[in-house]
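Asks: One structure, pasted below without further comment.
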Amino acid sequence: MIYQWVLGGIVASLLGFLLLDRSRGKRVKSRAGGHLMEKMKDECVKSSANGECCSGFGGGTDVIVVGAGVAGSALAHTLGKDGRRVHVIERDLSQPDRIVGELLQPGGYLKLIELGLEDCLNEIDAQRVLGYALYKDGKNARLSYPLEQFHSDVAGRSFHNGRFVQRMREKAASLPNVKMEQGTVTSLIEEKGSIKGVQYRTKAGEELKAYAPLTIVCDGCFSNLRRSLCNPKVDVPSCFVGLVLENCQLPHANHGHVVLADPSPILFYPISSNEIRCLVDVPGQKVPSIANGEMARYLKTVVAPQIPPELHNAFISAIDKGNVKTMPNRSMPASPYPTPGALLMGDAFNMRHPLTGGGMTVALSDIVVLRDLLKPLHNLNDAAALCKYLEAFYTLRKPVASTINTLAGALYKVFCASPDQARKEMREACFDYLSLGGIFSNGPIALLSGLNPRPLSLVLHFFAVAVYGVGRLLLPFPSPKRMWIGARLISGASGIIFPIIKAEGVRQMFFPATVPAYYRGPPN
């Protein structure tokens, strides 16, 4: 242990200046359905002659939002609050039932406050999350969010995704200039290279068209519209198997729990006062069959022996109850085609592995950036000029988005078990590094939580872990074999993080001020 602390001191010298970044300005000082469905009855005014829909706002629609999940609902409320006339078209307005989108990091909560949506967490039994507990080989370390500089209410939140989404939809639909309609958007309407609106099918099966100067597509990870607006390079590294554990307590209250299991991580976090979500990561795109009992056997024989003993009985009970759900984990770097009249947001635009729970934080941060860009504009009708101006969005969003995306991809690869000795050493070094506490845990947790979205800090911490791992190998007595493993550890770390950074865009990620769009002003 002494040499680990000596190593910690060496690594601390590399990271000391990061403490200066922590004082920079990061302060800031839902009920399903009834009212929402009432508003859904207020159908749009239709012309039987041409099947066009005018949203019922006397002067037409400013923005069409496709999708009313977390991103779409938050965006509709934000633009509506700024006086825009917004028409939201959502495929299914009933309460969603998902196993992801249940953990909002503190950085995302700050964005929720900035958008005036924090009350959507009321009345849904949302739970405060104060950090993480990390488990490996019988050892555990508690890693708390660095929240000392923030108001006492600032923390992570975990909840039932569907309850949160319905509260957001209700709040958006409560604005008189926001119309929310159930329908399936089948295509974008394009004229002379510019998007003019959407074609959609109503709940009653009627085919309609809706027009607006700006269409924002937020139809989620399974988007069928994004192909014309971006270059979607979707990767599916694993799947989540989700269960709900009832009437049990986590070993560390108000903390997410991450078990570094074999073959890949297992997550636990509260979603209500008496329910705990368990997400078992299964590498690859196929999972054991639920129907023939393979899944239950896998969970009981492979997963159950690796979870904290306090949760074992509840875990077995959840399996026996049979309410097991699966979902593919997708990652997709943002690679947009700037298109006049249209924009992508949310998971339709950019995805990362959900291990770190960063998706909603990225989406809400993107909405804040877009709101600030659109605020000075009174007229959105010049599609070409607006498209040129909104190229700034893709650069301004990068510090937050690229930090969270890169960390999610890198951590997932480090946390997965591997037969390779260098990868094993990297995994062990990561656990021991975070267990040191102080700057060694606060720095990475500040990145993960969205409180310190700085790509350079991420890279420095990542390679500090690698250097720490090499030091553990070489002390107290180096040997040729250990030196070779250390060299492969550094090489492996580079092979993990650099491809992710390349996909995010080196220039936009680290040098956004050198991108001309960064300085672009609003069109006249």
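For the structure tokens, the naming scheme is as follows: chains receive sequential letters (A, B, ...) according to their order of presentation, residues are indexed from 1 within each chain, and ligands are indexed from 1 in presentation order.
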Enumerate, as an MDAnalysis selection string, the complete set of residues in range 264-440 of chain A that a backbone-based DSSP assignment places in helix (DSSP H, G or I).

Replies: chainID A and resid 294:306 309:321 346:348 354:356 359:374 383:396 398:415 421:435 439:440

Asks: Distance table requested - range 213-328 of chain A against range 75-84 of chain A, cut-off 12 Å, only C-alpha atoms: one row per qualifying residue with the closest atom pair and its distance in Å to one decimal, ordered by chain and rising residue number, as a tab-separated table.

Replies:
residue	atom	partner	partner_atom	distance
A:Pro213	CA	A:Arg84	CA	11.3
A:Leu214	CA	A:Arg84	CA	10.9
A:Thr215	CA	A:Ala76	CA	11.6
A:Ile216	CA	A:Leu75	CA	9.2
A:Val217	CA	A:Leu75	CA	10.7
A:Cys218	CA	A:Leu75	CA	9.2

Asks: From the list A:Lys481, A:Ala363, A:Phe462, A:Val165, which residue is nearest Tyr433 in chain A when using only C-alpha atoms?

Replies: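 Checking each candidate against Tyr433 in chain A, we get A:Phe462 as the closest.
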
Asks: Tell me, as a compact mmCIF listing (two decimals) with all heavy atoms, in the first residue's frame, which residues lie within 7 Å of range 347-359 of chain A, counting only C-alpha atoms; anything in the same chain fewer than 2 positions away does not count.

Replies:
# COMPACT_ATOMS: atom_id res chain seq x y z
N LEU A 103 -31.46 7.62 -14.86
CA LEU A 103 -30.49 8.27 -13.97
C LEU A 103 -30.04 9.59 -14.58
O LEU A 103 -29.47 9.61 -15.68
CB LEU A 103 -29.28 7.35 -13.73
CG LEU A 103 -28.15 7.92 -12.86
CD1 LEU A 103 -28.66 8.23 -11.46
CD2 LEU A 103 -26.99 6.94 -12.78
N LEU A 104 -30.32 10.67 -13.89
CA LEU A 104 -29.91 12.00 -14.33
C LEU A 104 -28.74 12.45 -13.47
O LEU A 104 -28.86 12.57 -12.25
CB LEU A 104 -31.09 12.98 -14.19
CG LEU A 104 -30.84 14.42 -14.64
CD1 LEU A 104 -30.59 14.50 -16.14
CD2 LEU A 104 -32.02 15.32 -14.26
N GLN A 105 -27.60 12.70 -14.12
CA GLN A 105 -26.41 13.12 -13.39
C GLN A 105 -26.58 14.55 -12.85
O GLN A 105 -27.42 15.31 -13.34
CB GLN A 105 -25.19 13.05 -14.31
CG GLN A 105 -24.85 11.67 -14.82
CD GLN A 105 -24.26 10.77 -13.74
OE1 GLN A 105 -24.05 11.19 -12.61
NE2 GLN A 105 -23.99 9.52 -14.09
N CYS A 218 -36.28 14.46 -32.93
CA CYS A 218 -35.87 13.91 -31.63
C CYS A 218 -36.56 12.57 -31.41
O CYS A 218 -37.10 12.31 -30.33
CB CYS A 218 -36.26 14.84 -30.48
SG CYS A 218 -35.86 16.55 -30.65
N ASP A 219 -36.56 11.71 -32.42
CA ASP A 219 -37.37 10.49 -32.33
C ASP A 219 -36.59 9.29 -31.81
O ASP A 219 -36.96 8.14 -32.06
CB ASP A 219 -38.04 10.18 -33.67
CG ASP A 219 -37.05 10.02 -34.82
OD1 ASP A 219 -35.89 10.44 -34.65
OD2 ASP A 219 -37.44 9.49 -35.86
N GLY A 220 -35.52 9.54 -31.05
CA GLY A 220 -34.90 8.49 -30.26
C GLY A 220 -33.90 7.61 -30.97
O GLY A 220 -33.56 7.82 -32.13
N CYS A 221 -33.44 6.59 -30.23
CA CYS A 221 -32.34 5.75 -30.71
C CYS A 221 -32.73 4.91 -31.92
O CYS A 221 -31.86 4.49 -32.69
CB CYS A 221 -31.82 4.87 -29.59
SG CYS A 221 -33.04 3.71 -28.92
N SER A 223 -34.49 6.00 -34.46
CA SER A 223 -34.95 7.00 -35.43
C SER A 223 -34.95 6.45 -36.86
O SER A 223 -33.97 5.85 -37.31
CB SER A 223 -34.06 8.23 -35.37
OG SER A 223 -34.39 9.14 -36.41
N ARG A 226 -33.22 9.90 -39.34
CA ARG A 226 -31.91 10.53 -39.24
C ARG A 226 -31.03 10.28 -40.46
O ARG A 226 -30.06 11.02 -40.67
CB ARG A 226 -31.19 10.08 -37.98
CG ARG A 226 -30.88 8.61 -37.88
CD ARG A 226 -29.98 8.33 -36.67
NE ARG A 226 -30.04 6.92 -36.31
CZ ARG A 226 -30.34 6.46 -35.11
NH1 ARG A 226 -30.61 7.30 -34.12
NH2 ARG A 226 -30.36 5.17 -34.88
N ASN A 329 -27.56 -1.76 -26.29
CA ASN A 329 -26.83 -0.53 -25.96
C ASN A 329 -26.16 0.00 -27.22
O ASN A 329 -25.29 -0.66 -27.78
CB ASN A 329 -25.79 -0.80 -24.88
CG ASN A 329 -26.43 -1.17 -23.56
OD1 ASN A 329 -27.49 -0.66 -23.21
ND2 ASN A 329 -25.80 -2.06 -22.80
N ARG A 330 -26.55 1.17 -27.63
CA ARG A 330 -26.06 1.73 -28.88
C ARG A 330 -25.14 2.91 -28.63
O ARG A 330 -25.35 3.68 -27.70
CB ARG A 330 -27.24 2.19 -29.76
CG ARG A 330 -28.15 1.05 -30.17
CD ARG A 330 -29.47 1.56 -30.70
NE ARG A 330 -30.32 0.45 -31.09
CZ ARG A 330 -30.51 0.03 -32.33
NH1 ARG A 330 -29.93 0.66 -33.34
NH2 ARG A 330 -31.28 -0.99 -32.59
N SER A 331 -24.15 3.04 -29.48
CA SER A 331 -23.32 4.25 -29.47
C SER A 331 -23.23 4.75 -30.90
O SER A 331 -23.15 3.96 -31.85
CB SER A 331 -21.93 3.98 -28.89
OG SER A 331 -21.23 3.06 -29.68
N MET A 332 -23.27 6.07 -31.05
CA MET A 332 -23.21 6.68 -32.38
C MET A 332 -22.66 8.08 -32.25
O MET A 332 -23.28 8.96 -31.64
CB MET A 332 -24.61 6.74 -33.01
CG MET A 332 -24.62 7.27 -34.44
SD MET A 332 -26.30 7.45 -35.10
CE MET A 332 -26.82 8.99 -34.31
N PRO A 333 -21.45 8.34 -32.80
CA PRO A 333 -20.93 9.71 -32.75
C PRO A 333 -21.79 10.64 -33.61
O PRO A 333 -22.42 10.21 -34.57
CB PRO A 333 -19.52 9.57 -33.32
CG PRO A 333 -19.53 8.31 -34.11
CD PRO A 333 -20.54 7.41 -33.47
N ALA A 334 -21.83 11.91 -33.22
CA ALA A 334 -22.58 12.90 -33.99
C ALA A 334 -21.84 13.20 -35.28
O ALA A 334 -20.70 13.65 -35.27
CB ALA A 334 -22.75 14.18 -33.16
N LEU A 344 -31.10 17.66 -35.89
CA LEU A 344 -31.25 16.45 -35.08
C LEU A 344 -30.91 16.75 -33.63
O LEU A 344 -30.01 17.54 -33.35
CB LEU A 344 -30.32 15.36 -35.58
CG LEU A 344 -30.74 14.51 -36.79
CD1 LEU A 344 -29.55 13.70 -37.28
CD2 LEU A 344 -31.89 13.59 -36.45
N MET A 345 -31.60 16.08 -32.69
CA MET A 345 -31.31 16.23 -31.27
C MET A 345 -31.51 14.89 -30.57
O MET A 345 -32.15 13.97 -31.09
CB MET A 345 -32.26 17.26 -30.63
CG MET A 345 -32.13 18.67 -31.15
SD MET A 345 -30.70 19.53 -30.50
CE MET A 345 -31.31 19.97 -28.89
N THR A 361 -28.09 14.09 -19.73
CA THR A 361 -27.27 15.28 -19.48
C THR A 361 -26.82 15.90 -20.80
O THR A 361 -26.88 17.13 -20.98
CB THR A 361 -26.04 14.91 -18.63
OG1 THR A 361 -26.48 14.38 -17.38
CG2 THR A 361 -25.13 16.10 -18.40
N VAL A 362 -26.41 15.08 -21.76
CA VAL A 362 -26.01 15.60 -23.08
C VAL A 362 -27.21 16.24 -23.78
O VAL A 362 -27.10 17.35 -24.32
CB VAL A 362 -25.41 14.47 -23.95
CG1 VAL A 362 -25.19 14.96 -25.38
CG2 VAL A 362 -24.10 13.99 -23.37
N ALA A 363 -28.36 15.58 -23.76
CA ALA A 363 -29.53 16.11 -24.44
C ALA A 363 -29.96 17.46 -23.86
O ALA A 363 -30.24 18.41 -24.60
CB ALA A 363 -30.68 15.11 -24.35
N ILE A 404 -18.53 13.48 -22.08
CA ILE A 404 -19.38 12.41 -21.58
C ILE A 404 -19.36 11.21 -22.52
O ILE A 404 -19.29 10.05 -22.07
CB ILE A 404 -20.81 12.94 -21.37
CG1 ILE A 404 -20.82 13.95 -20.21
CG2 ILE A 404 -21.79 11.81 -21.10
CD1 ILE A 404 -22.13 14.67 -20.00
N ASN A 405 -19.38 11.46 -23.83
CA ASN A 405 -19.34 10.35 -24.79
C ASN A 405 -18.05 9.56 -24.69
O ASN A 405 -18.05 8.32 -24.69
CB ASN A 405 -19.48 10.89 -26.22
CG ASN A 405 -20.83 11.52 -26.49
OD1 ASN A 405 -21.77 11.33 -25.74
ND2 ASN A 405 -20.92 12.28 -27.56
N ALA A 408 -17.81 7.55 -21.42
CA ALA A 408 -18.69 6.38 -21.43
C ALA A 408 -18.06 5.23 -22.22
O ALA A 408 -18.02 4.08 -21.74
CB ALA A 408 -20.05 6.74 -22.01
N GLY A 409 -17.56 5.53 -23.41
CA GLY A 409 -16.96 4.49 -24.23
C GLY A 409 -15.70 3.91 -23.63
O GLY A 409 -15.48 2.70 -23.64
N TYR A 412 -16.42 1.84 -20.31
CA TYR A 412 -17.03 0.54 -20.58
C TYR A 412 -15.95 -0.47 -20.99
O TYR A 412 -15.93 -1.61 -20.52
CB TYR A 412 -18.09 0.64 -21.68
CG TYR A 412 -18.67 -0.70 -22.02
CD1 TYR A 412 -19.48 -1.38 -21.12
CD2 TYR A 412 -18.36 -1.33 -23.23
CE1 TYR A 412 -19.98 -2.64 -21.41
CE2 TYR A 412 -18.85 -2.59 -23.53
CZ TYR A 412 -19.66 -3.23 -22.61
OH TYR A 412 -20.14 -4.49 -22.89
N LEU A 448 -17.65 12.43 -15.03
CA LEU A 448 -18.77 11.52 -15.25
C LEU A 448 -20.10 12.20 -14.95
O LEU A 448 -21.09 11.98 -15.65
CB LEU A 448 -18.58 10.29 -14.37
CG LEU A 448 -19.60 9.16 -14.46
CD1 LEU A 448 -18.91 7.82 -14.21
CD2 LEU A 448 -20.72 9.35 -13.45

Asks: Do you know which residues are at most 9 Å from Ala466 in chain A counting only C-alpha atoms, after dropping those on the same chain fewer than 5 positions away, and could you put them as a list of chain:residue names?

Replies: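 Contacts, in chain order: A:Glu425, A:Met426, A:Ala429, A:Cys430, A:His461, A:Gly471, A:Gly486, A:Leu489, A:Ile490, A:Ala493.
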
Asks: Using only C-alpha atoms, please write the residues we just selected to a file, as a short mmCIF file (atom, residue, chain, number, x, y, z; two decimals), in the first residue's frame.

Replies:
data_model
loop_
_atom_site.label_atom_id
_atom_site.label_comp_id
_atom_site.auth_asym_id
_atom_site.auth_seq_id
_atom_site.Cartn_x
_atom_site.Cartn_y
_atom_site.Cartn_z
CA GLU A 425 -3.90 -4.58 -15.12
CA MET A 426 -5.69 -1.52 -16.53
CA ALA A 429 -5.39 0.09 -11.79
CA CYS A 430 -8.64 1.96 -12.49
CA HIS A 461 -7.05 11.37 -15.85
CA GLY A 471 3.92 1.99 -11.70
CA GLY A 486 3.40 -2.04 -18.82
CA LEU A 489 -0.95 -1.33 -20.97
CA ILE A 490 -0.05 2.15 -22.28
CA ALA A 493 -5.05 2.62 -23.17
#

Asks: Pick out each residue of range 117-313 of chain A that DSSP on the backbone tags as strand (DSSP E or B); I need them as number ranges by chain.

Replies: A: 127-129, 131-136, 139-144, 156-158, 178-191, 194-202, 207-211, 214-217, 230, 235-246, 256-259, 266-272, 275-283

Asks: I want to know what sits within 12 Å of Asn274 in chain A, based on only C-alpha atoms, with residues of the same chain fewer than 6 positions away left out; could you give that as a PyMOL selection string?

Replies: chain A and resi 125-127+159-160+244-250+314

Asks: Could you tell me how far CA of Asp262 in chain A sits from CA of Ala487 in chain A, in Å to one decimal place?

Replies: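 Interatomic distance here is 24.6 Å.
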
Asks: Extract, using only C-alpha atoms, all DNA, RNA and protein residues at most 12 Å from Leu110 in chain A, discarding same-chain residues fewer than 4 positions from it, and format them as a compact mmCIF listing (two decimals) with all heavy atoms, in the first residue's frame.

Replies:
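Result saved to around-v5.txt:
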# COMPACT_ATOMS: atom_id res chain seq x y z
N LYS A 26 -19.59 27.05 -12.43
CA LYS A 26 -20.51 25.97 -12.66
C LYS A 26 -21.62 26.03 -11.64
O LYS A 26 -22.09 25.01 -11.19
CB LYS A 26 -19.78 24.64 -12.54
CG LYS A 26 -18.75 24.43 -13.57
CD LYS A 26 -18.29 23.01 -13.51
CE LYS A 26 -17.02 22.82 -14.20
NZ LYS A 26 -15.91 23.38 -13.60
N ARG A 27 -21.96 27.22 -11.12
CA ARG A 27 -22.97 27.31 -10.10
C ARG A 27 -24.30 27.65 -10.75
O ARG A 27 -24.36 28.40 -11.68
CB ARG A 27 -22.57 28.36 -9.07
CG ARG A 27 -21.28 27.99 -8.35
CD ARG A 27 -20.84 29.13 -7.47
NE ARG A 27 -19.63 28.81 -6.77
CZ ARG A 27 -18.43 28.90 -7.30
NH1 ARG A 27 -18.27 29.28 -8.54
NH2 ARG A 27 -17.36 28.60 -6.60
N VAL A 28 -25.27 27.27 -10.17
CA VAL A 28 -26.58 27.60 -10.68
C VAL A 28 -27.53 27.47 -9.53
O VAL A 28 -27.38 26.64 -8.67
CB VAL A 28 -26.98 26.65 -11.81
CG1 VAL A 28 -27.36 25.34 -11.32
CG2 VAL A 28 -28.04 27.25 -12.64
N LYS A 29 -27.46 28.71 -9.42
CA LYS A 29 -28.34 28.67 -8.29
C LYS A 29 -29.67 28.09 -8.86
O LYS A 29 -29.82 28.08 -10.06
CB LYS A 29 -28.59 30.03 -7.71
CG LYS A 29 -27.26 30.64 -7.33
CD LYS A 29 -26.90 30.81 -5.98
CE LYS A 29 -25.65 31.49 -5.78
NZ LYS A 29 -24.53 31.39 -5.47
N LEU A 104 -30.32 10.67 -13.89
CA LEU A 104 -29.91 12.00 -14.33
C LEU A 104 -28.74 12.45 -13.47
O LEU A 104 -28.86 12.57 -12.25
CB LEU A 104 -31.09 12.98 -14.19
CG LEU A 104 -30.84 14.42 -14.64
CD1 LEU A 104 -30.59 14.50 -16.14
CD2 LEU A 104 -32.02 15.32 -14.26
N GLN A 105 -27.60 12.70 -14.12
CA GLN A 105 -26.41 13.12 -13.39
C GLN A 105 -26.58 14.55 -12.85
O GLN A 105 -27.42 15.31 -13.34
CB GLN A 105 -25.19 13.05 -14.31
CG GLN A 105 -24.85 11.67 -14.82
CD GLN A 105 -24.26 10.77 -13.74
OE1 GLN A 105 -24.05 11.19 -12.61
NE2 GLN A 105 -23.99 9.52 -14.09
N PRO A 106 -25.79 14.94 -11.83
CA PRO A 106 -25.92 16.30 -11.29
C PRO A 106 -25.76 17.39 -12.35
O PRO A 106 -26.45 18.41 -12.30
CB PRO A 106 -24.78 16.37 -10.26
CG PRO A 106 -24.57 14.96 -9.83
CD PRO A 106 -24.83 14.12 -11.05
N GLU A 114 -31.73 25.13 -15.25
CA GLU A 114 -31.54 26.23 -16.20
C GLU A 114 -32.71 26.34 -17.17
O GLU A 114 -33.05 27.44 -17.62
CB GLU A 114 -30.24 25.99 -16.96
CG GLU A 114 -29.64 27.24 -17.57
CD GLU A 114 -28.24 27.00 -18.13
OE1 GLU A 114 -27.55 26.07 -17.68
OE2 GLU A 114 -27.84 27.77 -19.03
N LEU A 115 -33.34 25.22 -17.48
CA LEU A 115 -34.47 25.21 -18.41
C LEU A 115 -35.80 25.41 -17.69
O LEU A 115 -36.86 25.46 -18.34
CB LEU A 115 -34.50 23.89 -19.18
CG LEU A 115 -33.32 23.63 -20.13
CD1 LEU A 115 -33.36 22.20 -20.63
CD2 LEU A 115 -33.33 24.61 -21.29
N GLY A 116 -35.77 25.49 -16.36
CA GLY A 116 -37.00 25.68 -15.60
C GLY A 116 -37.87 24.44 -15.53
O GLY A 116 -39.10 24.53 -15.41
N LEU A 117 -37.25 23.26 -15.58
CA LEU A 117 -38.00 22.00 -15.61
C LEU A 117 -37.76 21.13 -14.39
O LEU A 117 -38.18 19.97 -14.37
CB LEU A 117 -37.62 21.22 -16.88
CG LEU A 117 -38.09 21.81 -18.21
CD1 LEU A 117 -37.38 21.14 -19.38
CD2 LEU A 117 -39.60 21.65 -18.35
N GLU A 118 -37.10 21.67 -13.37
CA GLU A 118 -36.76 20.83 -12.23
C GLU A 118 -37.99 20.32 -11.48
O GLU A 118 -37.94 19.27 -10.83
CB GLU A 118 -35.83 21.57 -11.27
CG GLU A 118 -36.44 22.73 -10.50
CD GLU A 118 -36.41 24.04 -11.29
OE1 GLU A 118 -36.22 23.99 -12.52
OE2 GLU A 118 -36.60 25.10 -10.67
N LEU A 147 -19.88 17.92 -4.71
CA LEU A 147 -21.01 18.87 -4.74
C LEU A 147 -20.85 20.01 -3.74
O LEU A 147 -21.79 20.78 -3.53
CB LEU A 147 -22.31 18.12 -4.46
CG LEU A 147 -22.69 17.01 -5.45
CD1 LEU A 147 -23.88 16.21 -4.92
CD2 LEU A 147 -23.01 17.61 -6.81
N PHE A 150 -21.97 23.60 -4.62
CA PHE A 150 -23.31 23.79 -5.17
C PHE A 150 -24.37 23.84 -4.08
O PHE A 150 -24.12 23.45 -2.94
CB PHE A 150 -23.63 22.66 -6.16
CG PHE A 150 -22.71 22.60 -7.33
CD1 PHE A 150 -21.58 21.78 -7.30
CD2 PHE A 150 -22.94 23.37 -8.46
CE1 PHE A 150 -20.72 21.72 -8.38
CE2 PHE A 150 -22.08 23.32 -9.55
CZ PHE A 150 -20.97 22.49 -9.50
N HIS A 151 -25.53 24.33 -4.45
CA HIS A 151 -26.67 24.37 -3.54
C HIS A 151 -26.99 22.96 -3.04
O HIS A 151 -26.77 21.97 -3.74
CB HIS A 151 -27.87 24.96 -4.28
CG HIS A 151 -29.07 25.20 -3.41
ND1 HIS A 151 -30.00 24.22 -3.14
CD2 HIS A 151 -29.48 26.30 -2.73
CE1 HIS A 151 -30.94 24.70 -2.35
NE2 HIS A 151 -30.65 25.96 -2.09
N ASP A 153 -29.56 21.29 -2.82
CA ASP A 153 -30.52 20.52 -3.59
C ASP A 153 -29.88 19.83 -4.80
O ASP A 153 -30.44 18.91 -5.38
CB ASP A 153 -31.67 21.42 -4.07
CG ASP A 153 -32.77 20.64 -4.75
OD1 ASP A 153 -33.25 19.67 -4.15
OD2 ASP A 153 -33.14 21.00 -5.88
N VAL A 154 -28.69 20.29 -5.19
CA VAL A 154 -28.04 19.75 -6.40
C VAL A 154 -27.46 18.37 -6.10
O VAL A 154 -26.66 18.19 -5.18
CB VAL A 154 -26.93 20.70 -6.91
CG1 VAL A 154 -26.19 20.07 -8.08
CG2 VAL A 154 -27.53 22.04 -7.31
N ALA A 155 -27.90 17.40 -6.87
CA ALA A 155 -27.43 16.02 -6.78
C ALA A 155 -27.92 15.31 -8.02
O ALA A 155 -28.62 15.89 -8.86
CB ALA A 155 -27.96 15.34 -5.51
N GLY A 156 -27.56 14.04 -8.17
CA GLY A 156 -28.16 13.26 -9.23
C GLY A 156 -29.58 12.88 -8.84
O GLY A 156 -29.99 13.01 -7.68
N ARG A 157 -30.36 12.44 -9.80
CA ARG A 157 -31.72 11.96 -9.54
C ARG A 157 -31.96 10.68 -10.33
O ARG A 157 -31.54 10.55 -11.48
CB ARG A 157 -32.78 12.99 -9.97
CG ARG A 157 -32.78 14.30 -9.17
CD ARG A 157 -33.25 14.10 -7.75
NE ARG A 157 -33.53 15.35 -7.07
CZ ARG A 157 -32.62 16.15 -6.54
NH1 ARG A 157 -31.33 15.82 -6.63
NH2 ARG A 157 -32.95 17.27 -5.94
N MET A 360 -29.13 11.82 -20.88
CA MET A 360 -30.04 12.94 -20.63
C MET A 360 -29.26 14.22 -20.36
O MET A 360 -29.71 15.31 -20.72
CB MET A 360 -30.97 12.61 -19.46
CG MET A 360 -32.02 11.58 -19.82
SD MET A 360 -33.26 11.35 -18.52
CE MET A 360 -32.31 10.49 -17.27
N THR A 361 -28.09 14.09 -19.73
CA THR A 361 -27.27 15.28 -19.48
C THR A 361 -26.82 15.90 -20.80
O THR A 361 -26.88 17.13 -20.98
CB THR A 361 -26.04 14.91 -18.63
OG1 THR A 361 -26.48 14.38 -17.38
CG2 THR A 361 -25.13 16.10 -18.40
N VAL A 362 -26.41 15.08 -21.76
CA VAL A 362 -26.01 15.60 -23.08
C VAL A 362 -27.21 16.24 -23.78
O VAL A 362 -27.10 17.35 -24.32
CB VAL A 362 -25.41 14.47 -23.95
CG1 VAL A 362 -25.19 14.96 -25.38
CG2 VAL A 362 -24.10 13.99 -23.37
N LEU A 364 -30.02 17.56 -22.54
CA LEU A 364 -30.44 18.82 -21.90
C LEU A 364 -29.42 19.92 -22.13
O LEU A 364 -29.78 21.09 -22.32
CB LEU A 364 -30.66 18.59 -20.40
CG LEU A 364 -31.82 17.65 -20.05
CD1 LEU A 364 -31.81 17.30 -18.56
CD2 LEU A 364 -33.16 18.26 -20.44
N SER A 365 -28.14 19.56 -22.13
CA SER A 365 -27.10 20.55 -22.43
C SER A 365 -27.23 21.05 -23.87
O SER A 365 -27.09 22.26 -24.13
CB SER A 365 -25.72 19.93 -22.21
OG SER A 365 -24.70 20.82 -22.61
N VAL A 368 -29.98 23.63 -24.08
CA VAL A 368 -29.56 24.94 -23.58
C VAL A 368 -28.76 25.68 -24.65
O VAL A 368 -28.97 26.88 -24.90
CB VAL A 368 -28.73 24.79 -22.29
CG1 VAL A 368 -28.08 26.11 -21.91
CG2 VAL A 368 -29.61 24.29 -21.14
N SER A 449 -20.12 13.04 -13.93
CA SER A 449 -21.37 13.67 -13.48
C SER A 449 -21.77 14.87 -14.33
O SER A 449 -22.85 15.42 -14.13
CB SER A 449 -21.23 14.12 -12.03
OG SER A 449 -20.23 15.12 -11.92
N GLY A 450 -20.92 15.28 -15.26
CA GLY A 450 -21.22 16.45 -16.07
C GLY A 450 -20.93 17.77 -15.38
O GLY A 450 -21.27 18.83 -15.89
N LEU A 451 -20.28 17.71 -14.20
CA LEU A 451 -19.98 18.95 -13.47
C LEU A 451 -18.71 19.61 -13.98
O LEU A 451 -18.50 20.81 -13.78
CB LEU A 451 -19.82 18.64 -11.97
CG LEU A 451 -21.07 18.13 -11.26
CD1 LEU A 451 -20.74 17.69 -9.83
CD2 LEU A 451 -22.16 19.22 -11.23

Asks: Mind checking which residues fall within 9 Å of range 374-382 of chain A, counting only C-alpha atoms, ignoring those fewer than 5 positions away in the same chain, and posting them as number ranges by chain?

Replies: A: 62-63, 79, 82, 212-214, 340-341, 369, 387, 390, 522-524

Asks: A:Pro288, A:Gly183, A:Pro444, A:Gly138: which is nearest Gln306 in chain A, counting only C-alpha atoms?

Replies: A:Gly138

Asks: Between CA of Glu504 in chain A and CA of Ser441 in chain A, measure the distance and give it in Å to one decimal.

Replies: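 Value for the CA of Glu504 in chain A-CA of Ser441 in chain A distance: 24.8 Å.
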
Asks: Using only C-alpha atoms, which of A:Lys424, A:Ile319, A:Ala446, A:Ser457 sits nearest Arg488 in chain A?

Replies: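 For Arg488 in chain A, the nearest of the candidates is A:Lys424.
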